[in-house]
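One file, target17.cif, carrying mmCIF, C-alpha atoms:
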```
data_structure
loop_
_atom_site.group_PDB
_atom_site.id
_atom_site.type_symbol
_atom_site.label_atom_id
_atom_site.label_comp_id
_atom_site.auth_asym_id
_atom_site.auth_seq_id
_atom_site.Cartn_x
_atom_site.Cartn_y
_atom_site.Cartn_z
ATOM 1 C CA MET A 15 -260.317 115.933 41.551
ATOM 2 C CA GLU A 16 -261.579 114.425 38.324
ATOM 3 C CA GLU A 17 -264.642 116.717 38.451
ATOM 4 C CA MET A 18 -262.409 119.755 38.919
ATOM 5 C CA ALA A 19 -260.226 118.750 36.014
ATOM 6 C CA ALA A 20 -263.304 118.341 33.846
ATOM 7 C CA ALA A 21 -264.548 121.760 34.908
ATOM 8 C CA MET A 22 -261.301 123.308 33.760
ATOM 9 C CA THR A 23 -261.036 121.436 30.504
ATOM 10 C CA ASP A 24 -264.647 122.212 29.555
ATOM 11 C CA SER A 25 -263.345 125.676 28.611
ATOM 12 C CA THR A 26 -262.302 124.304 25.212
ATOM 13 C CA ALA A 27 -264.573 125.862 22.596
ATOM 14 C CA PRO A 28 -264.700 127.092 19.013
ATOM 15 C CA ASP A 29 -263.489 130.570 18.162
ATOM 16 C CA THR A 30 -266.722 132.181 19.325
ATOM 17 C CA GLY A 31 -265.163 134.123 22.170
ATOM 18 C CA ASP A 32 -267.555 132.438 24.646
ATOM 19 C CA ALA A 33 -264.745 130.444 26.235
ATOM 20 C CA ILE A 34 -260.979 130.173 26.132
ATOM 21 C CA ALA A 35 -259.379 126.987 24.834
ATOM 22 C CA ARG A 36 -256.952 125.475 27.313
ATOM 23 C CA GLU A 37 -253.779 124.317 25.585
ATOM 24 C CA THR A 38 -252.321 122.420 28.510
ATOM 25 C CA PHE A 39 -253.613 121.276 31.865
ATOM 26 C CA ASP A 40 -251.420 120.590 34.874
ATOM 27 C CA GLU A 41 -253.332 118.660 37.552
ATOM 28 C CA SER A 42 -250.580 119.019 40.165
ATOM 29 C CA TRP A 43 -252.155 122.108 41.717
ATOM 30 C CA LEU A 44 -255.588 120.502 42.162
ATOM 31 C CA ALA A 45 -254.728 119.448 45.716
ATOM 32 C CA THR A 46 -255.206 123.117 46.623
ATOM 33 C CA PRO A 47 -258.720 123.716 48.042
ATOM 34 C CA ILE A 48 -260.576 125.688 45.364
ATOM 35 C CA ASP A 49 -264.193 126.820 45.386
ATOM 36 C CA THR A 50 -265.556 126.182 41.903
ATOM 37 C CA SER A 51 -269.128 127.124 42.811
ATOM 38 C CA THR A 52 -268.469 130.847 43.182
ATOM 39 C CA ALA A 53 -266.794 133.257 40.789
ATOM 40 C CA SER A 54 -263.294 134.340 41.808
ATOM 41 C CA ILE A 55 -262.019 137.846 41.108
ATOM 42 C CA ALA A 56 -258.584 136.489 40.163
ATOM 43 C CA ARG A 57 -260.038 133.932 37.781
ATOM 44 C CA VAL A 58 -262.488 136.385 36.185
ATOM 45 C CA TYR A 59 -259.578 138.731 35.505
ATOM 46 C CA ASP A 60 -257.638 135.818 34.075
ATOM 47 C CA TYR A 61 -260.522 135.099 31.717
ATOM 48 C CA VAL A 62 -261.013 138.679 30.482
ATOM 49 C CA LEU A 63 -257.251 138.904 29.876
ATOM 50 C CA GLY A 64 -257.469 135.818 27.654
ATOM 51 C CA GLY A 65 -256.146 133.337 30.210
ATOM 52 C CA LYS A 66 -257.051 129.696 30.631
ATOM 53 C CA ASP A 67 -257.045 129.215 34.394
ATOM 54 C CA ASN A 68 -260.735 129.780 35.017
ATOM 55 C CA PHE A 69 -263.953 127.855 35.479
ATOM 56 C CA ALA A 70 -267.381 128.117 33.901
ATOM 57 C CA VAL A 71 -268.633 130.062 36.930
ATOM 58 C CA ASP A 72 -265.958 132.710 36.285
ATOM 59 C CA ARG A 73 -266.785 133.054 32.610
ATOM 60 C CA VAL A 74 -270.371 134.132 33.305
ATOM 61 C CA PRO A 75 -269.470 137.526 34.866
ATOM 62 C CA GLY A 76 -266.482 137.683 32.536
ATOM 63 C CA ASP A 77 -268.694 137.450 29.468
ATOM 64 C CA ALA A 78 -271.119 139.988 30.929
ATOM 65 C CA PHE A 79 -268.214 142.397 31.439
ATOM 66 C CA LEU A 80 -266.844 141.824 27.941
ATOM 67 C CA SER A 81 -270.282 142.369 26.391
ATOM 68 C CA ILE A 82 -270.191 146.059 27.278
ATOM 69 C CA GLU A 83 -268.730 148.253 24.561
ATOM 70 C CA GLY A 84 -265.060 149.015 25.155
ATOM 71 C CA ALA A 85 -264.809 147.136 28.445
ATOM 72 C CA ALA A 86 -262.393 144.565 27.015
ATOM 73 C CA SER A 87 -259.721 147.290 26.863
ATOM 74 C CA MET A 88 -259.802 148.030 30.585
ATOM 75 C CA PRO A 89 -257.830 145.078 32.002
ATOM 76 C CA PHE A 90 -255.146 145.564 29.363
ATOM 77 C CA ASP A 91 -254.945 149.297 30.074
ATOM 78 C CA ASN A 92 -254.364 148.336 33.698
ATOM 79 C CA ARG A 93 -251.589 145.864 32.820
ATOM 80 C CA PHE A 94 -249.744 148.481 30.778
ATOM 81 C CA PHE A 95 -250.135 150.936 33.660
ATOM 82 C CA ILE A 96 -248.607 148.447 36.093
ATOM 83 C CA LYS A 97 -245.700 147.868 33.752
ATOM 84 C CA ARG A 98 -244.931 151.595 33.513
ATOM 85 C CA VAL A 99 -245.310 152.057 37.255
ATOM 86 C CA VAL A 100 -242.896 149.229 38.040
ATOM 87 C CA ARG A 101 -240.346 150.598 35.608
ATOM 88 C CA PHE A 102 -240.672 154.009 37.238
ATOM 89 C CA LEU A 103 -240.295 152.584 40.731
ATOM 90 C CA VAL A 104 -237.208 150.550 39.910
ATOM 91 C CA ALA A 105 -235.438 152.578 37.227
ATOM 92 C CA GLU A 106 -236.239 156.118 38.413
ATOM 93 C CA ALA A 107 -237.164 155.956 42.092
ATOM 94 C CA GLY A 108 -234.531 153.340 42.956
ATOM 95 C CA ILE A 109 -236.976 150.934 44.602
ATOM 96 C CA ASP A 110 -235.680 147.363 44.588
ATOM 97 C CA GLN A 111 -238.411 145.645 46.624
ATOM 98 C CA ILE A 112 -242.069 145.478 45.641
ATOM 99 C CA ILE A 113 -245.242 144.047 47.182
ATOM 100 C CA ASP A 114 -248.021 143.389 44.671
ATOM 101 C CA ILE A 115 -251.282 143.116 46.621
ATOM 102 C CA GLY A 116 -254.130 141.468 44.754
ATOM 103 C CA SER A 117 -251.690 140.253 42.142
ATOM 104 C CA GLY A 118 -254.099 137.829 40.501
ATOM 105 C CA LEU A 119 -253.055 134.878 38.381
ATOM 106 C CA PRO A 120 -249.740 135.031 36.500
ATOM 107 C CA THR A 121 -249.892 136.407 32.977
ATOM 108 C CA SER A 122 -247.488 136.337 30.060
ATOM 109 C CA SER A 123 -245.678 139.279 31.670
ATOM 110 C CA ASN A 124 -245.367 139.822 35.403
ATOM 111 C CA VAL A 125 -244.197 142.403 37.916
ATOM 112 C CA HIS A 126 -240.947 140.643 38.768
ATOM 113 C CA GLU A 127 -240.076 140.496 35.064
ATOM 114 C CA PHE A 128 -240.758 144.218 34.631
ATOM 115 C CA ALA A 129 -238.647 144.977 37.708
ATOM 116 C CA ARG A 130 -235.732 142.763 36.685
ATOM 117 C CA GLU A 131 -235.444 144.590 33.363
ATOM 118 C CA ALA A 132 -234.191 147.600 35.330
ATOM 119 C CA ASN A 133 -232.619 145.838 38.309
ATOM 120 C CA PRO A 134 -231.847 142.098 38.152
ATOM 121 C CA GLY A 135 -231.670 142.036 41.943
ATOM 122 C CA ALA A 136 -235.172 143.379 42.524
ATOM 123 C CA ARG A 137 -237.319 141.367 44.934
ATOM 124 C CA VAL A 138 -241.068 140.878 44.591
ATOM 125 C CA VAL A 139 -243.759 139.487 46.890
ATOM 126 C CA TYR A 140 -247.054 138.626 45.218
ATOM 127 C CA VAL A 141 -250.126 138.660 47.474
ATOM 128 C CA ASP A 142 -253.594 137.294 46.758
ATOM 129 C CA ASN A 143 -256.403 135.748 48.762
ATOM 130 C CA ASP A 144 -257.227 133.139 46.098
ATOM 131 C CA PRO A 145 -255.399 129.814 46.723
ATOM 132 C CA ILE A 146 -255.158 129.110 43.000
ATOM 133 C CA VAL A 147 -252.825 132.124 42.699
ATOM 134 C CA LEU A 148 -250.449 130.560 45.209
ATOM 135 C CA ALA A 149 -250.385 127.260 43.324
ATOM 136 C CA HIS A 150 -249.875 128.742 39.886
ATOM 137 C CA GLY A 151 -247.633 131.594 40.947
ATOM 138 C CA ARG A 152 -245.067 129.442 42.690
ATOM 139 C CA ALA A 153 -244.858 127.207 39.638
ATOM 140 C CA LEU A 154 -243.622 130.204 37.632
ATOM 141 C CA LEU A 155 -241.099 131.586 40.088
ATOM 142 C CA ASP A 156 -237.435 131.636 39.191
ATOM 143 C CA ASP A 157 -234.987 129.789 41.408
ATOM 144 C CA SER A 158 -233.126 132.890 42.540
ATOM 145 C CA GLY A 159 -235.159 133.101 45.737
ATOM 146 C CA ALA A 160 -235.947 136.760 45.041
ATOM 147 C CA THR A 161 -239.660 136.271 44.332
ATOM 148 C CA THR A 162 -242.443 134.645 46.301
ATOM 149 C CA VAL A 163 -246.217 134.313 46.434
ATOM 150 C CA ILE A 164 -248.250 134.397 49.643
ATOM 151 C CA THR A 165 -251.912 133.919 50.415
ATOM 152 C CA ALA A 166 -253.214 136.857 52.435
ATOM 153 C CA ASP A 167 -256.115 139.300 52.468
ATOM 154 C CA LEU A 168 -255.957 143.047 51.877
ATOM 155 C CA LEU A 169 -258.518 143.458 54.659
ATOM 156 C CA GLU A 170 -256.046 141.923 57.118
ATOM 157 C CA PRO A 171 -252.767 143.708 56.287
ATOM 158 C CA GLU A 172 -251.053 142.321 59.369
ATOM 159 C CA GLY A 173 -251.029 138.963 57.610
ATOM 160 C CA ILE A 174 -249.205 140.503 54.658
ATOM 161 C CA PHE A 175 -246.531 142.374 56.547
ATOM 162 C CA THR A 176 -245.747 139.703 59.125
ATOM 163 C CA ASN A 177 -245.752 136.732 56.783
ATOM 164 C CA PRO A 178 -242.374 134.946 57.029
ATOM 165 C CA ASP A 179 -241.971 134.899 53.250
ATOM 166 C CA THR A 180 -242.607 138.641 53.095
ATOM 167 C CA LEU A 181 -240.058 139.279 55.833
ATOM 168 C CA ARG A 182 -237.536 137.053 54.094
ATOM 169 C CA LEU A 183 -237.535 139.265 51.012
ATOM 170 C CA ILE A 184 -238.664 142.702 52.160
ATOM 171 C CA ASP A 185 -236.566 144.909 54.428
ATOM 172 C CA PHE A 186 -238.995 147.352 56.038
ATOM 173 C CA GLU A 187 -236.111 149.483 57.197
ATOM 174 C CA ARG A 188 -235.854 150.627 53.571
ATOM 175 C CA PRO A 189 -238.411 152.054 51.105
ATOM 176 C CA VAL A 190 -240.715 149.619 49.369
ATOM 177 C CA GLY A 191 -243.084 149.916 46.425
ATOM 178 C CA VAL A 192 -246.633 148.655 47.004
ATOM 179 C CA LEU A 193 -249.050 147.966 44.155
ATOM 180 C CA ILE A 194 -252.796 147.872 44.821
ATOM 181 C CA ALA A 195 -254.201 147.753 41.298
ATOM 182 C CA SER A 196 -257.766 146.652 40.542
ATOM 183 C CA VAL A 197 -258.416 145.721 44.151
ATOM 184 C CA LEU A 198 -260.031 148.554 46.104
ATOM 185 C CA HIS A 199 -262.893 148.801 43.650
ATOM 186 C CA HIS A 200 -263.883 145.292 44.740
ATOM 187 C CA LEU A 201 -264.447 146.491 48.305
ATOM 188 C CA HIS A 202 -267.899 147.619 49.398
ATOM 189 C CA ASP A 203 -268.358 150.979 51.122
ATOM 190 C CA HIS A 204 -268.865 149.301 54.500
ATOM 191 C CA GLN A 205 -265.396 147.746 54.121
ATOM 192 C CA ASN A 206 -263.969 151.275 54.073
ATOM 193 C CA PRO A 207 -261.418 151.145 51.224
ATOM 194 C CA VAL A 208 -259.953 154.495 52.330
ATOM 195 C CA ALA A 209 -259.068 153.017 55.730
ATOM 196 C CA VAL A 210 -257.679 149.908 54.023
ATOM 197 C CA ALA A 211 -255.357 152.029 51.875
ATOM 198 C CA ALA A 212 -254.333 153.998 54.979
ATOM 199 C CA ALA A 213 -253.492 150.796 56.852
ATOM 200 C CA ILE A 214 -251.143 149.757 54.060
ATOM 201 C CA ARG A 215 -249.616 153.231 53.840
ATOM 202 C CA ASP A 216 -248.989 153.297 57.584
ATOM 203 C CA ARG A 217 -247.078 150.010 57.478
ATOM 204 C CA VAL A 218 -244.392 151.109 55.006
ATOM 205 C CA PRO A 219 -241.398 153.335 55.808
ATOM 206 C CA SER A 220 -240.707 156.867 54.653
ATOM 207 C CA GLY A 221 -239.642 157.046 51.026
ATOM 208 C CA SER A 222 -241.966 154.207 50.017
ATOM 209 C CA TYR A 223 -244.410 154.415 47.120
ATOM 210 C CA LEU A 224 -248.037 153.343 46.861
ATOM 211 C CA ALA A 225 -249.527 152.747 43.387
ATOM 212 C CA ILE A 226 -253.320 152.466 43.112
ATOM 213 C CA ALA A 227 -255.644 152.023 40.120
ATOM 214 C CA ASN A 228 -259.397 151.424 40.039
ATOM 215 C CA PHE A 229 -262.655 151.753 38.149
ATOM 216 C CA HIS A 230 -263.621 155.423 37.806
ATOM 217 C CA ASP A 231 -267.096 156.942 37.824
ATOM 218 C CA SER A 232 -266.631 159.598 35.151
ATOM 219 C CA GLY A 233 -270.338 159.978 34.446
ATOM 220 C CA ASP A 234 -270.187 157.542 31.536
ATOM 221 C CA PRO A 235 -273.318 155.326 31.744
ATOM 222 C CA ARG A 236 -271.143 152.286 31.011
ATOM 223 C CA ALA A 237 -269.850 152.518 34.571
ATOM 224 C CA ARG A 238 -273.278 151.582 35.918
ATOM 225 C CA GLU A 239 -273.690 148.931 33.210
ATOM 226 C CA ILE A 240 -270.448 147.236 34.226
ATOM 227 C CA GLU A 241 -271.309 147.415 37.923
ATOM 228 C CA LYS A 242 -274.685 145.814 37.256
ATOM 229 C CA ALA A 243 -273.211 143.149 34.983
ATOM 230 C CA LEU A 244 -270.669 142.059 37.600
ATOM 231 C CA LEU A 245 -273.273 142.098 40.362
ATOM 232 C CA ASP A 246 -276.025 140.291 38.503
ATOM 233 C CA LYS A 247 -273.781 137.634 36.970
ATOM 234 C CA GLY A 248 -272.216 136.372 40.159
ATOM 235 C CA LEU A 249 -269.037 138.332 40.885
ATOM 236 C CA GLY A 250 -270.898 140.690 43.185
ATOM 237 C CA THR A 251 -268.268 143.420 43.314
ATOM 238 C CA GLY A 252 -266.815 146.104 41.088
ATOM 239 C CA ARG A 253 -267.566 149.612 42.316
ATOM 240 C CA PHE A 254 -266.959 152.730 40.226
ATOM 241 C CA ARG A 255 -266.003 155.655 42.460
ATOM 242 C CA THR A 256 -265.455 159.312 41.663
ATOM 243 C CA TRP A 257 -262.093 161.056 41.388
ATOM 244 C CA PRO A 258 -262.523 162.841 44.778
ATOM 245 C CA ASP A 259 -263.378 159.505 46.417
ATOM 246 C CA GLN A 260 -260.201 157.925 45.046
ATOM 247 C CA ARG A 261 -257.990 160.907 45.778
ATOM 248 C CA ARG A 262 -258.541 160.045 49.451
ATOM 249 C CA TYR A 263 -256.550 156.841 48.971
ATOM 250 C CA PHE A 264 -253.440 158.996 48.667
ATOM 251 C CA HIS A 265 -253.972 161.063 51.811
ATOM 252 C CA GLY A 266 -250.629 161.896 53.372
ATOM 253 C CA LEU A 267 -248.708 160.972 50.225
ATOM 254 C CA GLU A 268 -247.002 163.158 47.631
ATOM 255 C CA LEU A 269 -248.556 162.360 44.265
ATOM 256 C CA VAL A 270 -245.999 161.652 41.574
ATOM 257 C CA ASP A 271 -246.525 163.676 38.387
ATOM 258 C CA PRO A 272 -248.966 163.588 36.556
ATOM 259 C CA GLY A 273 -251.100 162.740 39.584
ATOM 260 C CA LEU A 274 -254.287 160.704 39.681
ATOM 261 C CA VAL A 275 -255.303 160.405 36.035
ATOM 262 C CA PRO A 276 -256.726 157.940 33.500
ATOM 263 C CA VAL A 277 -254.190 155.122 33.493
ATOM 264 C CA ASN A 278 -253.278 155.615 29.831
ATOM 265 C CA GLU A 279 -252.311 159.186 30.676
ATOM 266 C CA TRP A 280 -249.917 158.169 33.442
ATOM 267 C CA ARG A 281 -246.474 158.558 31.854
ATOM 268 C CA PRO A 282 -247.461 156.920 28.535
ATOM 269 C CA ASP A 283 -244.817 155.247 26.415
ATOM 270 C CA ASP A 284 -244.740 153.681 22.965
ATOM 271 C CA GLU A 285 -246.663 150.644 24.227
ATOM 272 C CA THR A 286 -249.489 152.646 25.784
ATOM 273 C CA PRO A 287 -252.753 152.254 23.846
ATOM 274 C CA ALA A 288 -253.577 155.590 22.257
ATOM 275 C CA ASP A 289 -257.173 154.821 21.341
ATOM 276 C CA SER A 290 -258.699 153.049 24.345
ATOM 277 C CA PRO A 291 -262.439 153.775 24.218
ATOM 278 C CA VAL A 292 -262.772 153.604 27.996
ATOM 279 C CA HIS A 293 -259.592 155.268 29.240
ATOM 280 C CA HIS A 294 -261.652 157.632 31.417
ATOM 281 C CA LEU A 295 -263.240 154.681 33.251
ATOM 282 C CA TYR A 296 -259.969 153.584 34.835
ATOM 283 C CA ILE A 297 -257.732 155.932 36.818
ATOM 284 C CA GLY A 298 -254.520 155.439 38.696
ATOM 285 C CA GLY A 299 -251.695 157.210 40.414
ATOM 286 C CA VAL A 300 -248.547 156.799 42.471
ATOM 287 C CA GLY A 301 -247.907 158.465 45.809
ATOM 288 C CA ARG A 302 -244.685 158.789 47.774
ATOM 289 C CA LYS A 303 -244.657 158.641 51.562
ATOM 290 C CA PRO A 304 -242.635 161.623 52.903
#
```
This entry written out as structure tokens:
Amino acid sequence: MEEMAAAMTDSTAPDTGDAIARETFDESWLATPIDTSTASIARVYDYVLGGKDNFAVDRVPGDAFLSIEGAASMPFDNRFFIKRVVRFLVAEAGIDQIIDIGSGLPTSSNVHEFAREANPGARVVYVDNDPIVLAHGRALLDDSGATTVITADLLEPEGIFTNPDTLRLIDFERPVGVLIASVLHHLHDHQNPVAVAAAIRDRVPSGSYLAIANFHDSGDPRAREIEKALLDKGLGTGRFRTWPDQRRYFHGLELVDPGLVPVNEWRPDDETPADSPVHHLYIGGVGRKP
């Protein structure tokens, strides 16, 4: 445990941008089994978003990603997209129960907070396959009992939909909103991300919504640079796919206007960045199940 604590606290550094200074360190979650020898998708995302819950092994691919011109905007563009999607689901579509698959580590603003702005009774289940997300996420939950975090894998959706905590909060007799943002692009072709999206779609009732966002191969050479950086520096995944490839994720769903578009063009509001240099490298959309 002492070695793990040291690994976390070694992130303190000058203002060079090479590492993120950790203001506080809570050792209570260190009983959770955590692999510190391999980069974690959740922790790399935490790092590129400016978080502190990451290890040196995560900062290597994170720094490689951030070294590419404009790439630093992409995770923030995605967060703003998620915020707008959740507001749409709750305030406009009337959805009051949400499953966030591949939720990652908690940030300064989270899905349940976005949802509660429109409906204080909204219920949220966060899902991730990284045990550190479970430990940190549950520490931030309110005591209303309307939010939970579970450890499960997108590749085994049965474990998501039959988990007792999921069933405690989500009524699958009614429509549900499912978020799969920044997840499918971490699947290899042989893992068949189209079939994975279909398996999730098939588990939710009519009237449900599926929101998906991923890296987009727009022809910009930076797409290949980012793929190579993530592969060579230890993360190993991060696939840019074309618009037609990603349109298949929404098969059988009615795309909500404006469709599958660069995330900053999906119902932008006053908070949406207007000058993201890589907006075309990240696309997303929302589909409704008839």
Please evaluate the PyMOL selection byres ((chain A and resi 270) around 6) against the structure above and give the resulting residues as a compact mmCIF listing (two decimals) with C-alpha atoms, in the coordinates of the input.
```txt
# COMPACT_ATOMS: atom_id res chain seq x y z
CA LEU A 269 -248.56 162.36 44.26
CA ASP A 271 -246.52 163.68 38.39
CA GLY A 273 -251.10 162.74 39.58
CA VAL A 300 -248.55 156.80 42.47
CA GLY A 301 -247.91 158.46 45.81
```
Chain and number of each residue from the PyMOL selection byres ((chain A and resi 123) around 12), as a PyMOL selection string: chain A and resi 63+90+93-94+96-97+119-122+124-131+154
Could you state the separation of atom CA of A:Val218 and atom CA of A:Asn206 in Å, given to one decimal place?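 That distance, rounded to one decimal, is 19.6 Å.
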Counting all atoms listed in the file, figure out which residue out of A:Ala105, A:Ala209, A:Ala237, A:Ile297 gets nearest to A:Ala85.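 Looking only at the distances to A:Ala85, the closest residue turns out to be A:Ala237.
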Distance criterion (all atoms listed in the file): nearest to A:Ala225 out of A:Asp114, A:Asp67, A:Asp284, A:Asp259: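 Selected residue with least distance to A:Ala225: A:Asp114.
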Pick from A:His150, A:Arg137, A:Lys66, A:Arg73 nearest to A:Val104, counting only C-alpha atoms: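 Result for the nearest residue to A:Val104: A:Arg137.
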What do you get, as a PyMOL selection string, if you spell out every residue that the PyMOL selection byres ((chain A and resi 188) around 9) selects here? chain A and resi 111+184-187+189-190+218-222
